[in-house]
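One file, my_file13.txt, carrying compact mmCIF, C-alpha atoms and all ligand atoms:
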# COMPACT_ATOMS: atom_id res chain seq x y z
CA MET A 1 160.49 19.72 -45.36
CA GLN A 2 162.67 20.07 -42.25
CA LYS A 3 166.36 19.28 -42.53
CA ARG A 4 167.97 16.48 -40.60
CA ARG A 5 169.93 18.06 -37.77
CA ARG A 6 171.69 17.23 -34.55
CA THR A 7 169.44 16.62 -31.58
CA VAL A 8 170.75 16.11 -28.07
CA ASP A 9 169.41 13.81 -25.43
CA ALA A 10 170.62 13.48 -21.87
CA ASN A 11 173.41 11.02 -22.65
CA HIS A 12 174.65 11.39 -26.20
CA MET A 13 174.43 13.37 -29.39
CA SER A 14 173.06 11.67 -32.46
CA LEU A 15 172.09 12.45 -36.00
CA ALA A 16 168.35 11.93 -36.10
CA ALA A 17 165.25 13.25 -37.77
CA PRO A 18 163.52 15.91 -35.62
CA ASP A 19 160.64 14.67 -33.56
CA PRO A 20 157.77 17.03 -34.49
CA LEU A 21 156.24 16.57 -31.04
CA VAL A 22 159.27 18.03 -29.22
CA ASP A 23 160.46 20.53 -31.81
CA ALA A 24 161.14 23.74 -29.83
CA SER A 25 161.28 25.83 -33.00
CA VAL A 26 157.47 25.73 -32.99
CA PHE A 27 157.88 28.56 -30.46
CA ARG A 28 159.19 31.67 -32.16
CA PHE A 29 160.40 34.06 -29.47
CA ALA A 30 159.76 37.78 -29.44
CA GLN A 31 162.84 39.78 -30.38
CA ARG A 32 162.92 41.42 -26.96
CA MET A 33 163.75 38.07 -25.32
CA GLY A 34 167.21 38.37 -26.82
CA ARG A 35 167.81 41.19 -24.33
CA LEU A 36 166.94 39.33 -21.15
CA ARG A 37 170.02 38.53 -19.12
CA ALA A 38 168.66 36.65 -16.15
CA SER A 39 170.84 33.60 -16.37
CA ALA A 40 174.30 34.97 -15.52
CA ILE A 41 173.52 35.61 -11.88
CA ARG A 42 171.10 32.71 -11.51
CA GLU A 43 173.83 30.32 -12.59
CA ILE A 44 176.28 31.91 -10.22
CA LEU A 45 173.85 31.78 -7.33
CA LYS A 46 173.47 28.02 -7.66
CA VAL A 47 176.74 27.91 -5.71
CA THR A 48 175.00 29.50 -2.77
CA GLU A 49 172.53 26.65 -2.55
CA MET A 50 175.27 24.11 -1.89
CA PRO A 51 175.35 22.89 1.73
CA ASP A 52 177.78 24.64 4.13
CA VAL A 53 178.34 27.62 1.85
CA ILE A 54 178.54 30.98 3.58
CA SER A 55 176.64 33.19 1.21
CA PHE A 56 176.78 36.97 0.96
CA ALA A 57 175.18 36.70 -2.47
CA GLY A 58 171.41 36.99 -2.07
CA GLY A 59 169.62 40.21 -1.22
CA LEU A 60 167.89 38.44 1.60
CA PRO A 61 166.75 39.95 4.88
CA ALA A 62 167.33 37.80 7.99
CA PRO A 63 164.52 35.22 8.19
CA GLU A 64 164.96 34.76 11.95
CA LEU A 65 163.84 38.40 12.30
CA PHE A 66 160.59 38.04 10.34
CA PRO A 67 157.63 38.95 12.56
CA VAL A 68 156.04 35.53 12.07
CA GLU A 69 153.88 35.44 15.20
CA GLN A 70 152.44 38.88 14.85
CA PHE A 71 151.91 38.49 11.12
CA ALA A 72 150.03 35.25 11.90
CA LEU A 73 147.82 37.21 14.30
CA ALA A 74 147.12 39.76 11.57
CA CYS A 75 146.28 37.01 9.06
CA ALA A 76 143.95 35.29 11.55
CA GLU A 77 142.21 38.60 12.25
CA VAL A 78 141.70 39.22 8.51
CA LEU A 79 140.18 35.80 7.95
CA ALA A 80 137.98 36.02 11.03
CA ASP A 81 136.69 39.55 10.40
CA ASP A 82 136.75 39.88 6.63
CA GLY A 83 137.34 36.36 5.27
CA PRO A 84 135.14 36.29 2.16
CA ALA A 85 136.33 39.71 0.91
CA ALA A 86 139.96 38.74 1.64
CA LEU A 87 139.55 35.70 -0.58
CA GLN A 88 137.59 37.46 -3.34
CA TYR A 89 138.76 39.34 -6.46
CA SER A 90 139.20 43.04 -5.85
CA VAL A 91 139.98 46.40 -7.46
CA THR A 92 143.28 46.92 -9.31
CA GLU A 93 144.26 50.11 -7.42
CA GLY A 94 144.50 48.24 -4.12
CA TYR A 95 142.69 47.78 -0.82
CA PRO A 96 141.46 51.31 0.07
CA PRO A 97 142.37 51.24 3.80
CA LEU A 98 145.91 50.14 2.89
CA ARG A 99 146.21 52.99 0.37
CA HIS A 100 145.15 55.42 3.14
CA TRP A 101 147.68 53.86 5.50
CA VAL A 102 150.47 54.27 2.90
CA CYS A 103 149.74 58.01 2.74
CA GLU A 104 149.81 58.37 6.51
CA TYR A 105 153.00 56.26 6.72
CA LEU A 106 154.84 58.22 4.01
CA GLU A 107 153.83 61.52 5.59
CA ARG A 108 155.03 60.37 9.03
CA THR A 109 158.28 58.70 7.98
CA ASN A 110 159.30 60.53 4.83
CA ASN A 111 157.45 63.84 4.72
CA ILE A 112 155.87 62.78 1.42
CA HIS A 113 152.40 64.27 0.99
CA CYS A 114 150.17 62.15 -1.19
CA THR A 115 146.54 61.15 -1.44
CA PRO A 116 145.13 57.61 -1.69
CA ASP A 117 144.11 58.17 -5.32
CA GLN A 118 147.84 58.59 -6.12
CA VAL A 119 148.77 55.28 -4.45
CA LEU A 120 148.75 52.02 -6.39
CA ILE A 121 149.36 48.82 -4.43
CA ILE A 122 151.60 46.47 -6.42
CA SER A 123 152.85 42.89 -6.08
CA GLY A 124 156.37 43.81 -4.99
CA SER A 125 158.43 46.78 -6.20
CA GLN A 126 159.70 44.57 -8.97
CA GLN A 127 156.25 44.75 -10.52
CA GLY A 128 156.42 48.54 -10.37
CA LEU A 129 159.59 48.51 -12.46
CA ASP A 130 157.87 46.37 -15.06
CA LEU A 131 154.71 48.52 -15.09
CA ILE A 132 156.54 51.82 -15.41
CA GLY A 133 158.65 50.30 -18.19
CA LYS A 134 155.52 49.05 -19.92
CA VAL A 135 153.77 52.41 -19.73
CA LEU A 136 156.65 54.74 -20.61
CA LEU A 137 159.17 52.89 -22.77
CA ASP A 138 159.16 52.22 -26.49
CA PRO A 139 162.03 50.17 -27.96
CA GLY A 140 165.19 52.29 -27.99
CA ASP A 141 163.92 54.86 -25.47
CA SER A 142 166.56 56.02 -23.02
CA VAL A 143 166.52 55.60 -19.27
CA ILE A 144 169.17 57.37 -17.21
CA ILE A 145 170.53 55.11 -14.49
CA GLU A 146 173.34 55.24 -11.99
CA ASN A 147 176.33 52.99 -12.60
CA PRO A 148 176.46 50.36 -11.14
CA ALA A 149 172.68 49.97 -11.19
CA TYR A 150 170.06 47.69 -9.62
CA LEU A 151 170.03 44.58 -11.77
CA GLY A 152 166.30 44.00 -11.34
CA ALA A 153 165.60 47.40 -12.90
CA ILE A 154 167.86 46.61 -15.84
CA GLN A 155 166.05 43.31 -16.32
CA ALA A 156 162.63 44.98 -16.15
CA PHE A 157 163.53 47.80 -18.56
CA ASP A 158 165.36 45.38 -20.88
CA ALA A 159 162.03 43.69 -21.57
CA TYR A 160 160.87 47.00 -23.09
CA GLU A 161 164.12 47.29 -25.06
CA ALA A 162 165.38 50.32 -23.19
CA ASN A 163 168.61 52.06 -24.00
CA TYR A 164 170.67 53.11 -20.95
CA LEU A 165 172.49 56.34 -20.36
CA ASN A 166 174.70 55.79 -17.39
CA VAL A 167 175.76 58.44 -14.91
CA GLY A 168 178.86 57.91 -12.79
CA THR A 169 178.69 57.74 -9.02
CA ASP A 170 181.05 58.61 -6.20
CA ASP A 171 180.58 58.30 -2.45
CA GLU A 172 177.85 61.01 -2.54
CA GLY A 173 175.76 59.15 -5.14
CA ILE A 174 175.33 60.14 -8.78
CA VAL A 175 177.66 62.86 -9.96
CA THR A 176 175.40 65.75 -10.96
CA GLU A 177 177.91 67.28 -13.42
CA ASP A 178 177.87 63.95 -15.22
CA LEU A 179 174.06 63.91 -15.17
CA VAL A 180 174.03 67.34 -16.86
CA ARG A 181 176.56 66.15 -19.44
CA VAL A 182 174.47 63.06 -20.19
CA LEU A 183 171.33 65.18 -20.61
CA ARG A 184 173.10 67.73 -22.84
CA THR A 185 174.63 65.10 -25.10
CA ALA A 186 171.66 62.67 -25.33
CA LYS A 187 170.55 62.27 -28.98
CA HIS A 188 166.92 61.91 -27.88
CA LYS A 189 165.37 63.20 -24.71
CA PRO A 190 165.51 60.41 -22.08
CA LYS A 191 162.15 59.16 -20.83
CA LEU A 192 163.14 58.59 -17.21
CA LEU A 193 165.77 59.09 -14.53
CA TYR A 194 165.74 55.95 -12.33
CA LEU A 195 167.47 56.20 -8.94
CA VAL A 196 167.80 54.30 -5.66
CA PRO A 197 168.87 57.22 -3.43
CA ASN A 198 169.02 55.38 -0.07
CA PHE A 199 171.67 52.67 0.51
CA GLN A 200 171.65 51.76 -3.14
CA ASN A 201 171.57 48.21 -4.43
CA PRO A 202 174.32 47.19 -5.22
CA SER A 203 176.70 49.86 -3.89
CA GLY A 204 175.17 50.77 -0.51
CA ILE A 205 175.82 54.46 -1.32
CA THR A 206 173.38 57.19 -0.27
CA LEU A 207 172.72 60.27 -2.37
CA THR A 208 173.55 63.32 -0.22
CA LEU A 209 171.06 66.12 0.43
CA ARG A 210 173.00 68.61 -1.71
CA ARG A 211 173.08 66.17 -4.62
CA ARG A 212 169.36 65.37 -4.18
CA GLN A 213 168.52 69.05 -4.41
CA GLU A 214 170.65 69.33 -7.52
CA VAL A 215 169.15 66.21 -9.11
CA VAL A 216 165.60 67.51 -8.54
CA ALA A 217 166.51 70.92 -10.01
CA ILE A 218 168.28 69.39 -13.04
CA ALA A 219 165.41 66.98 -13.75
CA GLU A 220 162.90 69.86 -13.53
CA GLU A 221 164.98 72.05 -15.81
CA HIS A 222 165.24 69.32 -18.45
CA GLY A 223 161.68 68.06 -18.05
CA ILE A 224 162.72 64.51 -17.11
CA PRO A 225 160.56 62.47 -14.71
CA ILE A 226 162.33 60.93 -11.71
CA TYR A 227 161.55 57.35 -10.67
CA GLU A 228 162.62 57.04 -7.03
CA ASP A 229 162.95 53.45 -5.83
CA ASP A 230 163.21 53.35 -2.04
CA PRO A 231 163.05 49.84 -0.60
CA TYR A 232 165.72 50.47 2.04
CA GLY A 233 164.90 53.95 3.41
CA ARG A 234 163.70 52.67 6.81
CA LEU A 235 166.85 50.58 7.30
CA ARG A 236 169.16 53.38 8.47
CA TYR A 237 171.84 52.43 11.02
CA SER A 238 173.90 55.61 11.13
CA GLY A 239 173.73 59.25 9.99
CA GLN A 240 170.62 61.37 9.62
CA HIS A 241 167.47 60.81 7.56
CA ILE A 242 167.73 62.64 4.22
CA PRO A 243 164.52 63.83 2.56
CA SER A 244 163.48 61.82 -0.47
CA LEU A 245 163.64 63.28 -3.98
CA THR A 246 159.84 63.14 -4.05
CA ALA A 247 159.59 65.18 -0.83
CA LEU A 248 162.07 67.72 -2.24
CA SER A 249 160.25 68.10 -5.54
CA ALA A 250 157.54 70.70 -5.93
CA SER A 251 156.29 69.14 -9.16
CA ARG A 252 154.21 66.05 -9.95
CA HIS A 253 157.09 64.59 -11.92
CA CYS A 254 158.48 62.16 -9.32
CA ILE A 255 157.21 58.61 -9.10
CA TYR A 256 157.98 57.14 -5.67
CA MET A 257 158.09 53.42 -4.86
CA SER A 258 158.59 51.40 -1.68
CA THR A 259 157.80 47.95 -0.33
CA VAL A 260 157.29 45.89 2.82
CA SER A 261 159.92 43.41 1.60
CA LYS A 262 162.72 44.77 3.77
CA THR A 263 160.66 45.90 6.78
CA ILE A 264 158.14 43.06 7.15
CA ALA A 265 159.10 40.23 4.76
CA PRO A 266 159.69 39.85 1.00
CA GLY A 267 157.44 36.79 0.64
CA VAL A 268 154.42 39.00 1.37
CA ARG A 269 154.82 40.67 -2.08
CA VAL A 270 153.17 43.98 -1.18
CA ALA A 271 154.60 47.30 -2.29
CA TRP A 272 153.33 50.67 -3.52
CA LEU A 273 153.80 53.22 -6.23
CA VAL A 274 152.96 56.86 -5.59
CA ILE A 275 152.15 58.52 -8.90
CA PRO A 276 151.13 62.16 -8.42
CA GLU A 277 150.48 62.78 -12.12
CA PRO A 278 146.93 61.50 -12.87
CA ALA A 279 147.67 60.99 -16.59
CA VAL A 280 150.37 58.47 -15.66
CA TYR A 281 148.35 56.82 -12.88
CA GLU A 282 145.48 56.26 -15.33
CA LYS A 283 147.80 54.37 -17.66
CA VAL A 284 149.55 52.28 -14.99
CA VAL A 285 146.25 50.93 -13.59
CA PRO A 286 145.18 49.11 -16.79
CA ALA A 287 148.79 47.97 -17.30
CA LYS A 288 148.63 46.30 -13.88
CA GLN A 289 145.16 44.97 -14.58
CA ALA A 290 146.54 43.24 -17.66
CA ALA A 291 149.41 41.80 -15.64
CA ASP A 292 147.67 40.37 -12.55
CA LEU A 293 144.22 42.01 -12.08
CA HIS A 294 145.26 43.10 -8.59
CA THR A 295 147.66 42.34 -5.76
CA SER A 296 146.41 39.57 -3.45
CA SER A 297 143.32 40.77 -1.54
CA PHE A 298 144.41 38.64 1.38
CA THR A 299 148.00 39.83 1.78
CA GLN A 300 147.02 43.49 1.33
CA ARG A 301 144.58 43.13 4.22
CA ALA A 302 147.14 41.20 6.26
CA VAL A 303 149.72 43.99 5.82
CA TYR A 304 147.12 46.56 6.80
CA ALA A 305 146.02 44.55 9.85
CA TYR A 306 149.68 44.05 10.86
CA ALA A 307 150.49 47.74 10.42
CA ARG A 308 147.55 48.62 12.67
CA LEU A 309 148.50 46.35 15.57
CA PRO A 310 149.36 49.04 18.15
CA GLY A 311 153.08 49.85 18.15
CA VAL A 312 154.02 46.53 16.53
CA PHE A 313 155.40 47.62 13.13
CA GLU A 314 157.59 50.40 14.51
CA SER A 315 158.93 48.26 17.36
CA HIS A 316 159.71 45.51 14.84
CA ILE A 317 161.78 47.99 12.82
CA LYS A 318 163.51 49.13 16.04
CA GLU A 319 164.33 45.49 16.73
CA ILE A 320 165.89 44.68 13.35
CA LEU A 321 167.99 47.87 13.01
CA PRO A 322 170.60 47.06 15.71
CA VAL A 323 171.00 43.49 14.38
CA TYR A 324 171.69 44.67 10.83
CA ALA A 325 173.88 47.51 12.12
CA ARG A 326 176.01 45.01 14.05
CA ARG A 327 176.33 42.72 11.03
CA ARG A 328 177.38 45.67 8.86
CA ASP A 329 179.98 46.71 11.44
CA LEU A 330 181.30 43.18 11.73
CA MET A 331 181.67 42.93 7.97
CA LEU A 332 183.45 46.29 7.80
CA GLU A 333 185.85 45.25 10.58
CA ALA A 334 186.49 41.88 8.90
CA LEU A 335 187.21 43.56 5.56
CA GLN A 336 189.68 45.88 7.27
CA ARG A 337 191.39 42.88 8.85
CA ASP A 338 191.35 40.41 5.96
CA MET A 339 191.51 42.18 2.62
CA PRO A 340 194.92 42.60 0.98
CA PRO A 341 196.24 46.05 -0.01
CA GLY A 342 194.55 47.54 -3.07
CA CYS A 343 191.00 46.65 -1.98
CA THR A 344 188.43 49.34 -1.16
CA TRP A 345 184.81 49.12 -0.04
CA THR A 346 181.81 51.33 0.66
CA ARG A 347 180.63 52.06 4.22
CA PRO A 348 176.85 52.12 3.91
CA ASP A 349 174.71 53.95 6.47
CA GLY A 350 171.90 51.44 5.96
CA GLY A 351 170.35 48.87 3.67
CA LEU A 352 171.61 45.35 3.07
CA PHE A 353 174.73 45.62 0.90
CA LEU A 354 178.23 46.89 0.60
CA TRP A 355 180.37 47.01 -2.51
CA LEU A 356 183.91 45.72 -2.63
CA THR A 357 186.46 46.73 -5.26
CA VAL A 358 189.47 44.42 -5.55
CA PRO A 359 192.71 45.10 -7.47
CA PRO A 360 192.14 45.52 -11.23
CA GLU A 361 193.86 42.24 -12.15
CA VAL A 362 191.16 40.26 -10.30
CA ASP A 363 188.12 39.12 -12.28
CA THR A 364 185.46 38.49 -9.62
CA GLU A 365 183.60 35.91 -11.73
CA GLU A 366 186.80 33.83 -11.78
CA LEU A 367 187.36 34.67 -8.12
CA LEU A 368 183.92 33.26 -7.28
CA ALA A 369 184.91 29.91 -8.76
CA LEU A 370 187.97 29.95 -6.49
CA ALA A 371 186.05 31.19 -3.45
CA SER A 372 183.33 28.57 -3.87
CA LYS A 373 185.98 25.89 -3.29
CA SER A 374 186.39 27.35 0.18
CA LYS A 375 182.59 27.51 0.46
CA VAL A 376 181.92 31.21 0.37
CA ALA A 377 179.84 33.12 -2.18
CA PHE A 378 179.22 36.73 -3.28
CA VAL A 379 177.75 38.34 -6.38
CA PRO A 380 180.37 39.37 -8.96
CA GLY A 381 179.82 43.01 -9.90
CA ALA A 382 180.06 42.85 -13.72
CA PRO A 383 176.30 42.45 -14.46
CA PHE A 384 175.48 45.58 -12.43
CA TRP A 385 177.61 47.78 -14.68
CA VAL A 386 175.92 49.25 -17.71
CA ASN A 387 177.68 50.14 -20.98
CA CYS A 388 181.08 49.24 -19.57
CA ASP A 389 183.09 46.19 -18.66
CA VAL A 390 184.20 46.35 -15.02
CA ARG A 391 185.39 42.99 -13.71
CA ASN A 392 186.92 43.74 -10.30
CA THR A 393 183.90 44.50 -8.09
CA MET A 394 181.48 42.46 -6.02
CA ARG A 395 178.33 42.93 -3.98
CA LEU A 396 178.30 41.65 -0.41
CA ASN A 397 175.08 41.20 1.55
CA PHE A 398 175.53 41.61 5.30
CA SER A 399 171.96 41.07 6.57
CA ASN A 400 171.48 37.36 6.05
CA ALA A 401 174.50 35.67 7.61
CA SER A 402 175.14 35.21 11.34
CA ASP A 403 177.92 37.11 13.13
CA GLU A 404 180.21 34.06 13.07
CA MET A 405 179.55 33.42 9.39
CA ILE A 406 180.36 37.03 8.51
CA VAL A 407 183.73 36.85 10.25
CA GLU A 408 184.56 33.45 8.76
CA GLY A 409 183.21 34.24 5.28
CA ILE A 410 185.13 37.49 4.87
CA GLU A 411 188.32 35.77 5.98
CA ARG A 412 187.73 33.15 3.26
CA ILE A 413 187.09 35.83 0.61
CA GLY A 414 190.25 37.66 1.73
CA ASN A 415 192.25 34.43 1.38
CA SER A 416 190.72 33.79 -2.06
CA VAL A 417 191.70 37.28 -3.25
CA LYS A 418 195.26 36.75 -1.94
CA ALA A 419 195.44 33.31 -3.63
CA TYR A 420 194.13 34.77 -6.92
CA LEU A 421 196.68 37.58 -6.79
CA ASP A 422 199.50 35.13 -5.98
CA GLY A 423 198.45 33.01 -8.97
CA ALA A 424 198.27 36.08 -11.25
CA ARG A 425 201.76 37.32 -10.34
C1 LIG B 501 166.44 48.67 -5.54
C2 LIG B 501 165.42 47.59 -5.49
N1 LIG B 501 164.25 47.77 -6.09
C3 LIG B 501 163.29 46.82 -6.08
C4 LIG B 501 163.51 45.62 -5.44
C5 LIG B 501 162.42 44.58 -5.46
O1 LIG B 501 161.76 44.55 -4.23
P1 LIG B 501 160.39 43.80 -4.00
O2 LIG B 501 160.67 42.68 -3.09
O3 LIG B 501 159.47 44.83 -3.37
O4 LIG B 501 159.87 43.37 -5.33
C6 LIG B 501 164.72 45.38 -4.79
C7 LIG B 501 164.98 44.09 -4.14
O5 LIG B 501 166.03 43.75 -3.69
C8 LIG B 501 165.71 46.40 -4.82
O6 LIG B 501 166.90 46.23 -4.23

Let me see the structure of the file written as structure tokens.
Amino acid sequence: MQKRRRTVDANHMSLAAPDPLVDASVFRFAQRMGRLRASAIREILKVTEMPDVISFAGGLPAPELFPVEQFALACAEVLADDGPAALQYSVTEGYPPLRHWVCEYLERTNNIHCTPDQVLIISGSQQGLDLIGKVLLDPGDSVIIENPAYLGAIQAFDAYEANYLNVGTDDEGIVTEDLVRVLRTAKHKPKLLYLVPNFQNPSGITLTLRRRQEVVAIAEEHGIPIYEDDPYGRLRYSGQHIPSLTALSASRHCIYMSTVSKTIAPGVRVAWLVIPEPAVYEKVVPAKQAADLHTSSFTQRAVYAYARLPGVFESHIKEILPVYARRRDLMLEALQRDMPPGCTWTRPDGGLFLWLTVPPEVDTEELLALASKSKVAFVPGAPFWVNCDVRNTMRLNFSNASDEMIVEGIERIGNSVKAYLDGAR
């Protein structure tokens, strides 16, 4: 028999017998669900949905720059020329012409040589993180990640009960001496080295060429596969293109991933994995099949049709770069003007984010509560840090707000930091 216990309704708490029809304990959760830590940021981001809030919190590209008209043309062409197939089930590996296009595109833009049978079209890069976790990670297996790390990767690998070995970063990306130390002292050989080498989320830092060469050599020497996540590579506003880890590696041990989310639009949910090792590819395909059968036949064709409109994709990228570059510059200038002494920030050469470190006495989760009163929002940095408790950082997105909002919003954050410090002293 079940015990009497407290049940809660919307208005009051009462002692009552459990109603067997709404007894949630009928669902017994898998142990791994205890690891999922989605809610912290989701709760925080509710602030950003309030009217009049200037938000630097989301990872959102600028919607006014989405190529809506030309994407509509591509969609119309797909439905007119290939409608029934675009609306039918399809193969898990992806639409073959799109897989060919990915190879040509990666060769042209990134010097990555791959063949269509190494390309798997996925429903956003986020799915790739889940699939690679599913295929490679047993509970307790170690993944080496940079610190701070992309939260979405932590969430994906958490579901497979990964253990994290964190490598420190400086303004050249992960510190290779630290990577060697982590590898030498690991109790069990790590399964994966996961990196975002270009304009990292959250820090905006780019791994330098020298460090990339070292990382590739170290990973080869220790027999550790590299998982290179590159959603931002095409969004470079300053400095020179740096070859990807995959292009620098002579082995089949790099998995490369990119997406149209930041170049076309994230709602399209089309991305790709390049998996040169056939033994891994063969496992990832049924893992994807189990997850969603295949990525939408329609959107894959629409991306392909869009990419083939003469000159359109590249001129779209040329159009968005100066806008994002200006927003980054405005944010950097505003930080210089408005932040009190003791604050530092990264100066990204591309991507969507920069990373602000405030004086150590400031807890940015508390600061957000203060800042939201003056209607400005950011993402507190604590959830991005792995195996350590760092409270005085935040991620700022510079792509989504207008010029005026950037100037105004940074001034408000600066004032909030000053007010917090005044209150703390
Ligand atoms: C590093 C990184 N990987 C993956 C993703 C997910 O991208 P997608 O929209 O392709 O799922 C993001 C999104 O912000 C990201 O920053």

Pick out the residues no farther than 7 Å from ligand LIG 501 (chain B), counting only C-alpha atoms and all ligand atoms, and list them as a PyMOL selection string. chain A and resi 59+124-127+150+152-153+196+200-201+229-231+258-261+266+269-271

Enter the distance from atom CA of A:Ala279 to atom CA of A:Asp130, in Å, rounded to one decimal.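 Straight-line distance from atom CA of A:Ala279 to atom CA of A:Asp130 works out to 17.9 Å.
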
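Taking only C-alpha atoms into account, A:Gln70 lies nearest to A:Ser315 out of the set A:Asn415, A:Gln300, A:Ser372, A:Ser315.
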
Of the candidates A:Met331, A:Ile174, A:Ser25, A:Lys288, which shows the shortest atom-to-atom distance to A:Leu273, using all atoms listed in the file?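 Of A:Met331, A:Ile174, A:Ser25, A:Lys288, the one nearest A:Leu273 is A:Lys288, counting all atoms listed in the file.
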
Stretch 104-115 of chain A: which residues within 10 Å, counting only C-alpha atoms, same-chain residues fewer than 2 positions away excluded, as a PyMOL selection string? chain A and resi 98-102+117-119+233-234+241-249+256+258+274-276+307

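Taking atom CA of A:Met257 and atom CA of A:Pro202 as the two end points, the separation is 17.4 Å.
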
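Of the listed residues (A:Ile264, A:Val47, A:Leu370, A:Val390), A:Ile264 comes nearest to A:Val68; the distances count only C-alpha atoms.
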
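Minimum atom-to-atom distance to A:Gly342, evaluated using only C-alpha atoms, belongs to A:Leu421 out of A:Leu421, A:Leu368, A:Leu309, A:Ala325.
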
Would you be able to write out as a list in words which residues have an atom within 7 Å of (175.2, 47.8, -15.3) in the file's coordinates, counting only C-alpha atoms?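 Residues with an atom close enough to that point: Asn147, Pro148, Ala149, Pro383, Phe384, Trp385, Val386 and Asn387 of chain A.
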
Could those residues be written to a file, using C-alpha atoms, as a CSV table (one decimal), keeping the file's coordinate frame?
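Below is the file that was written, selection_29.csv:
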chain,number,residue,atom,x,y,z
A,147,ASN,CA,176.3,53.0,-12.6
A,148,PRO,CA,176.5,50.4,-11.1
A,149,ALA,CA,172.7,50.0,-11.2
A,383,PRO,CA,176.3,42.4,-14.5
A,384,PHE,CA,175.5,45.6,-12.4
A,385,TRP,CA,177.6,47.8,-14.7
A,386,VAL,CA,175.9,49.2,-17.7
A,387,ASN,CA,177.7,50.1,-21.0

Output file request: stretch 204-208 of chain A, with all heavy atoms, as a PDB file, in the first residue's frame.
ATOM      1  N   GLY A 204      35.070  32.440 -27.659  1.00  0.00           N
ATOM      2  CA  GLY A 204      35.439  33.202 -28.851  1.00  0.00           C
ATOM      3  C   GLY A 204      36.893  33.009 -29.265  1.00  0.00           C
ATOM      4  O   GLY A 204      37.340  33.563 -30.274  1.00  0.00           O
ATOM      5  N   ILE A 205      37.642  32.206 -28.502  1.00  0.00           N
ATOM      6  CA  ILE A 205      39.083  32.028 -28.765  1.00  0.00           C
ATOM      7  C   ILE A 205      39.307  31.070 -29.935  1.00  0.00           C
ATOM      8  O   ILE A 205      38.562  30.120 -30.133  1.00  0.00           O
ATOM      9  CB  ILE A 205      39.775  31.501 -27.486  1.00  0.00           C
ATOM     10  CG1 ILE A 205      39.818  32.602 -26.429  1.00  0.00           C
ATOM     11  CG2 ILE A 205      41.174  30.975 -27.774  1.00  0.00           C
ATOM     12  CD1 ILE A 205      40.259  32.131 -25.067  1.00  0.00           C
ATOM     13  N   THR A 206      40.368  31.344 -30.706  1.00  0.00           N
ATOM     14  CA  THR A 206      40.744  30.488 -31.834  1.00  0.00           C
ATOM     15  C   THR A 206      42.072  29.794 -31.552  1.00  0.00           C
ATOM     16  O   THR A 206      43.034  30.430 -31.117  1.00  0.00           O
ATOM     17  CB  THR A 206      40.846  31.342 -33.117  1.00  0.00           C
ATOM     18  OG1 THR A 206      39.541  31.819 -33.429  1.00  0.00           O
ATOM     19  CG2 THR A 206      41.381  30.547 -34.295  1.00  0.00           C
ATOM     20  N   LEU A 207      42.080  28.499 -31.783  1.00  0.00           N
ATOM     21  CA  LEU A 207      43.309  27.711 -31.597  1.00  0.00           C
ATOM     22  C   LEU A 207      44.306  28.111 -32.691  1.00  0.00           C
ATOM     23  O   LEU A 207      43.964  28.092 -33.880  1.00  0.00           O
ATOM     24  CB  LEU A 207      42.928  26.223 -31.713  1.00  0.00           C
ATOM     25  CG  LEU A 207      43.937  25.172 -31.331  1.00  0.00           C
ATOM     26  CD1 LEU A 207      44.335  25.270 -29.863  1.00  0.00           C
ATOM     27  CD2 LEU A 207      43.367  23.766 -31.600  1.00  0.00           C
ATOM     28  N   THR A 208      45.521  28.481 -32.291  1.00  0.00           N
ATOM     29  CA  THR A 208      46.502  28.956 -33.275  1.00  0.00           C
ATOM     30  C   THR A 208      47.042  27.779 -34.108  1.00  0.00           C
ATOM     31  O   THR A 208      46.909  26.614 -33.714  1.00  0.00           O
ATOM     32  CB  THR A 208      47.693  29.626 -32.566  1.00  0.00           C
ATOM     33  OG1 THR A 208      48.275  28.663 -31.670  1.00  0.00           O
ATOM     34  CG2 THR A 208      47.273  30.855 -31.785  1.00  0.00           C
TER      35      THR A 208
END
